[in-house]
Structure formats: C-alpha cells, structure tokens
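The block underneath contains the structure these notes are about, expressed in structure tokens.
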Amino acid sequence: QGRWSKGDMSSSGAGAAEDEGQGVLFPPLTTTVSSDAVAPAELESLCMNCHATDATTRLLLTQIPFFKQVVVSSTDCEECGYRSSEVTSVGPPEPRAVSLTLSVAPAAAKEDLSRSVLVSDAATVLVPQLELEVPPTLHGGRKARLTTIEGVLDEVVEGLRFGQRERALADPDQALAVADFIERVEHLKEGQNNFDVIIRDPSGNSHVESLSPGGSDERLKIDTRQRTRKENVALGLEENEETTEKAAPVDNEEEDSQPIGEEEVVIIHENCPGCGRLGENRMKLTTIPHFKDVMVMSFA
C-alpha cells in the first residue's frame, strides 16, 4: 500500500501570480474572486437536462494558491432550472497520492466549515465520527467539484433527503434512521462536536484551503505516498495487464490491415451509457486542411 510521508503539496503549478490577474492566463483564486477585471467567459450551450440550446455556460481559468491551475465551469438553464458545476485540473495527476485530514473543533467550526476544498473525482471523503464514507465518482460521470467543508456535508444531507418521503411510506424504520443521521450531520455543521474530515485521493488532485498558505496549519494534516499499481490502472496511468492478456487476437490479417476510407462511416452497435438501450456509435475519418487527419465520433 505504500507508506505515508508528510508533504507540503507544492507542485509545478503552485504559487500566486505576481500581478493581480492582469495579463495572466490563470490568476490566483483570491484575485479571481475579488477583482472585477477577471471575469468568467460566457457562452451559449446545450442543456443536458431539457436539451434547450440557450443554456449559459461560464468558464473560468484560475490558480489555487500553492496548489495548481484549474478550470471552473458552471451551466445554468433558465428553461428547466437545471444547474451543474465542475472543476477540471490542468495537467496530469500529481506524482503522489495524498491524504488530507482536517480536524474541526467547536471553537473554530465556523472558520473551518468555510474553508474552500477541491474534491477530485478520484477522491474518497470520510467522516470517522459519523462512520461516513463518500466514494469517488471517477466512473460515475460526476467531475471534480470546488466547494467548502460545509458544502461537502450539505451534499450528504441533500442526497439523504432525496426520496425521504417515499422512504417513510415504504420503510418507516429506515426513514427514521436516515432522519437521525441527518440530524447528526446538522449538529456537526452547528459546531456542537469535534469531528475530522478526511480526503484520500490517489490522483493527488484534491486540496483543502490552508489558513496559512505556504506555512504550517495545526488543524490540517497533509500526507503523501507513492501510488499503488492498482491505483495507477484505475487512473488510466498504466494498462491493465489482465485485460490485455484476455483480449482475443485478430486472426484476419487482411481485414485488420484495411484502413478506414475518408468517405466511409463505420457503425458500431453498443449500449447507451445513460439508459442502457442499444444505440449506434458512428465514426468517420476526415481531414482538417493544413492540419491533420482526425476521427469524428457520434453516438445516438
């Protein structure tokens, strides 16, 4: 599993910009929030919920101080009220896995709950005092999100409250247990008890705001370790040898050697990742003038 070692989570993209966002592609997050000169780019986009074409997507390139560069995006649709947001890290995963532990005490609860936190799609979030574990969303379609410690707890409460009315009718005992758990989470948000928030991220792309950037934060513990091979495979950094060995070799050399023509559209029938129904994946080779050949793919 590898042994954890203390680290300062500095990276090649770390550090604040020297000027206050002027002429900087990735201005610091603090500058982005406070400066009117650095505004997100807005563009019309397709709503993935109702398929309206007049949804608004905002893109912001920013630098998390002493960490790395990220692209923050959000989509709002006035037609159906759909809203989504995600964060994309710029560059590859960090060279080491990271474990972030924030110890929250009642006296400092308000301050700690408002800390910014970047949770990657490969991260697992734990609150030992609640026996709570939020699994990674790496293969669930949800991207990384930029939120706060309180926001992480709010996500848990929101998820548990969903369908609570139906749950109360179908299984009153289970609904009562869920309501009790929600109350325990609310007590932590109110600063009634000590608790820890642990973020374990094999990609190293998660981050918790420090109250003394670049210095020592007595309530925030940061440990790093070398990734295991299994984690590298899950992140797509290494090939899965077992899958490669099980793949059947192509015996038909003549068929394998024939390239796809420029006017040919290859159709592959496969299941839709959204609903599971059979659909068509179409691929066509085309040439971008004065650039290169590209493969255009669409699924319906």
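Chain labels run A, B, ... following the order of the structure tokens; each chain numbers its residues from 1, and ligands are numbered from 1 in the order shown.
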
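Residues with any atom within 7 Å of segment 97-102 of chain A, counting only C-alpha atoms and excluding same-chain neighbours fewer than 2 positions away, are Val104, Asp196, Val197, Ile198, Ile199, Arg200, Asp201, Pro202, Ser203, Gly204, Arg219, Leu220, Lys221, Ile222, Asp223, Thr224, Arg225, Gln226 and Arg227 of chain A.
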
Could you state the separation of atom CA of His187 of chain A and atom CA of Thr148 of chain A in Å, given to one decimal place?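 Atom-to-atom, atom CA of His187 of chain A and atom CA of Thr148 of chain A are spaced 17.0 Å apart.
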
Would you mind writing down, as a PyMOL selection string, each residue of segment 4-240 of chain A that DSSP on the backbone assigns to strand (DSSP E or B)? chain A and resi 5-6+28+41-45+55-63+69-76+83-89+97-104+116-119+124-127+132-134+144-148+195-201+207-208+220-225

Using C-alpha atoms, can you export the residues from the last selection as an mmCIF file, in the first residue's frame?
```cif
data_model
loop_
_atom_site.group_PDB
_atom_site.id
_atom_site.type_symbol
_atom_site.label_atom_id
_atom_site.label_comp_id
_atom_site.auth_asym_id
_atom_site.auth_seq_id
_atom_site.Cartn_x
_atom_site.Cartn_y
_atom_site.Cartn_z
ATOM 1 C CA SER A 5 5.030 10.753 4.381
ATOM 2 C CA LYS A 6 4.429 14.372 5.260
ATOM 3 C CA PRO A 28 -4.940 33.302 -8.298
ATOM 4 C CA ALA A 41 -16.154 33.657 -20.168
ATOM 5 C CA GLU A 42 -19.821 33.093 -21.020
ATOM 6 C CA LEU A 43 -21.205 31.122 -23.950
ATOM 7 C CA GLU A 44 -24.488 29.600 -25.033
ATOM 8 C CA SER A 45 -24.618 25.835 -24.712
ATOM 9 C CA ALA A 55 -28.355 27.484 -21.579
ATOM 10 C CA THR A 56 -25.453 29.558 -20.267
ATOM 11 C CA THR A 57 -22.059 28.031 -19.523
ATOM 12 C CA ARG A 58 -19.402 30.037 -17.680
ATOM 13 C CA LEU A 59 -15.719 29.113 -17.821
ATOM 14 C CA LEU A 60 -13.049 30.479 -15.507
ATOM 15 C CA LEU A 61 -9.346 29.664 -15.566
ATOM 16 C CA THR A 62 -7.846 30.153 -12.117
ATOM 17 C CA GLN A 63 -4.886 29.272 -9.919
ATOM 18 C CA GLN A 69 -4.234 25.533 -12.112
ATOM 19 C CA VAL A 70 -7.858 24.542 -12.684
ATOM 20 C CA VAL A 71 -10.749 25.353 -14.998
ATOM 21 C CA VAL A 72 -14.023 26.048 -13.161
ATOM 22 C CA SER A 73 -17.185 25.678 -15.247
ATOM 23 C CA SER A 74 -20.882 26.048 -14.464
ATOM 24 C CA THR A 75 -24.024 25.660 -16.557
ATOM 25 C CA ASP A 76 -27.419 27.266 -15.879
ATOM 26 C CA ARG A 83 -27.672 23.760 -12.781
ATOM 27 C CA SER A 84 -24.323 21.991 -12.767
ATOM 28 C CA SER A 85 -20.733 22.839 -11.932
ATOM 29 C CA GLU A 86 -17.423 21.050 -12.181
ATOM 30 C CA VAL A 87 -13.699 21.621 -11.867
ATOM 31 C CA THR A 88 -11.069 20.290 -14.250
ATOM 32 C CA SER A 89 -7.429 20.133 -13.179
ATOM 33 C CA ALA A 97 -1.303 10.144 -3.724
ATOM 34 C CA VAL A 98 -2.480 12.482 -0.966
ATOM 35 C CA SER A 99 -4.405 12.204 2.295
ATOM 36 C CA LEU A 100 -5.845 15.431 3.742
ATOM 37 C CA THR A 101 -7.150 15.436 7.319
ATOM 38 C CA LEU A 102 -8.905 18.498 8.753
ATOM 39 C CA SER A 103 -9.667 18.360 12.470
ATOM 40 C CA VAL A 104 -12.659 20.581 13.248
ATOM 41 C CA SER A 116 -12.505 26.018 0.282
ATOM 42 C CA VAL A 117 -11.994 22.422 -0.776
ATOM 43 C CA LEU A 118 -11.325 20.835 -4.149
ATOM 44 C CA VAL A 119 -12.574 17.237 -4.275
ATOM 45 C CA THR A 124 -12.899 9.338 -1.120
ATOM 46 C CA VAL A 125 -14.311 11.575 1.617
ATOM 47 C CA LEU A 126 -14.606 10.193 5.164
ATOM 48 C CA VAL A 127 -16.001 11.477 8.464
ATOM 49 C CA LEU A 132 -19.499 8.199 6.786
ATOM 50 C CA GLU A 133 -17.702 7.381 3.543
ATOM 51 C CA VAL A 134 -18.436 9.134 0.250
ATOM 52 C CA ALA A 144 -14.399 17.185 -9.563
ATOM 53 C CA ARG A 145 -16.079 19.981 -7.602
ATOM 54 C CA LEU A 146 -14.907 23.127 -5.872
ATOM 55 C CA THR A 147 -16.874 23.668 -2.677
ATOM 56 C CA THR A 148 -16.359 24.159 1.074
ATOM 57 C CA PHE A 195 -15.001 15.790 14.001
ATOM 58 C CA ASP A 196 -12.497 15.032 11.246
ATOM 59 C CA VAL A 197 -12.908 15.342 7.500
ATOM 60 C CA ILE A 198 -10.509 13.058 5.629
ATOM 61 C CA ILE A 199 -9.984 13.213 1.861
ATOM 62 C CA ARG A 200 -7.968 10.352 0.389
ATOM 63 C CA ASP A 201 -7.081 10.929 -3.238
ATOM 64 C CA HIS A 207 -6.916 20.219 -1.946
ATOM 65 C CA VAL A 208 -8.097 21.833 1.303
ATOM 66 C CA LEU A 220 -4.762 20.500 8.641
ATOM 67 C CA LYS A 221 -2.579 17.435 8.166
ATOM 68 C CA ILE A 222 -1.252 16.607 4.696
ATOM 69 C CA ASP A 223 0.374 13.251 3.959
ATOM 70 C CA THR A 224 1.568 11.898 0.631
ATOM 71 C CA ARG A 225 2.603 8.449 -0.524
#
```
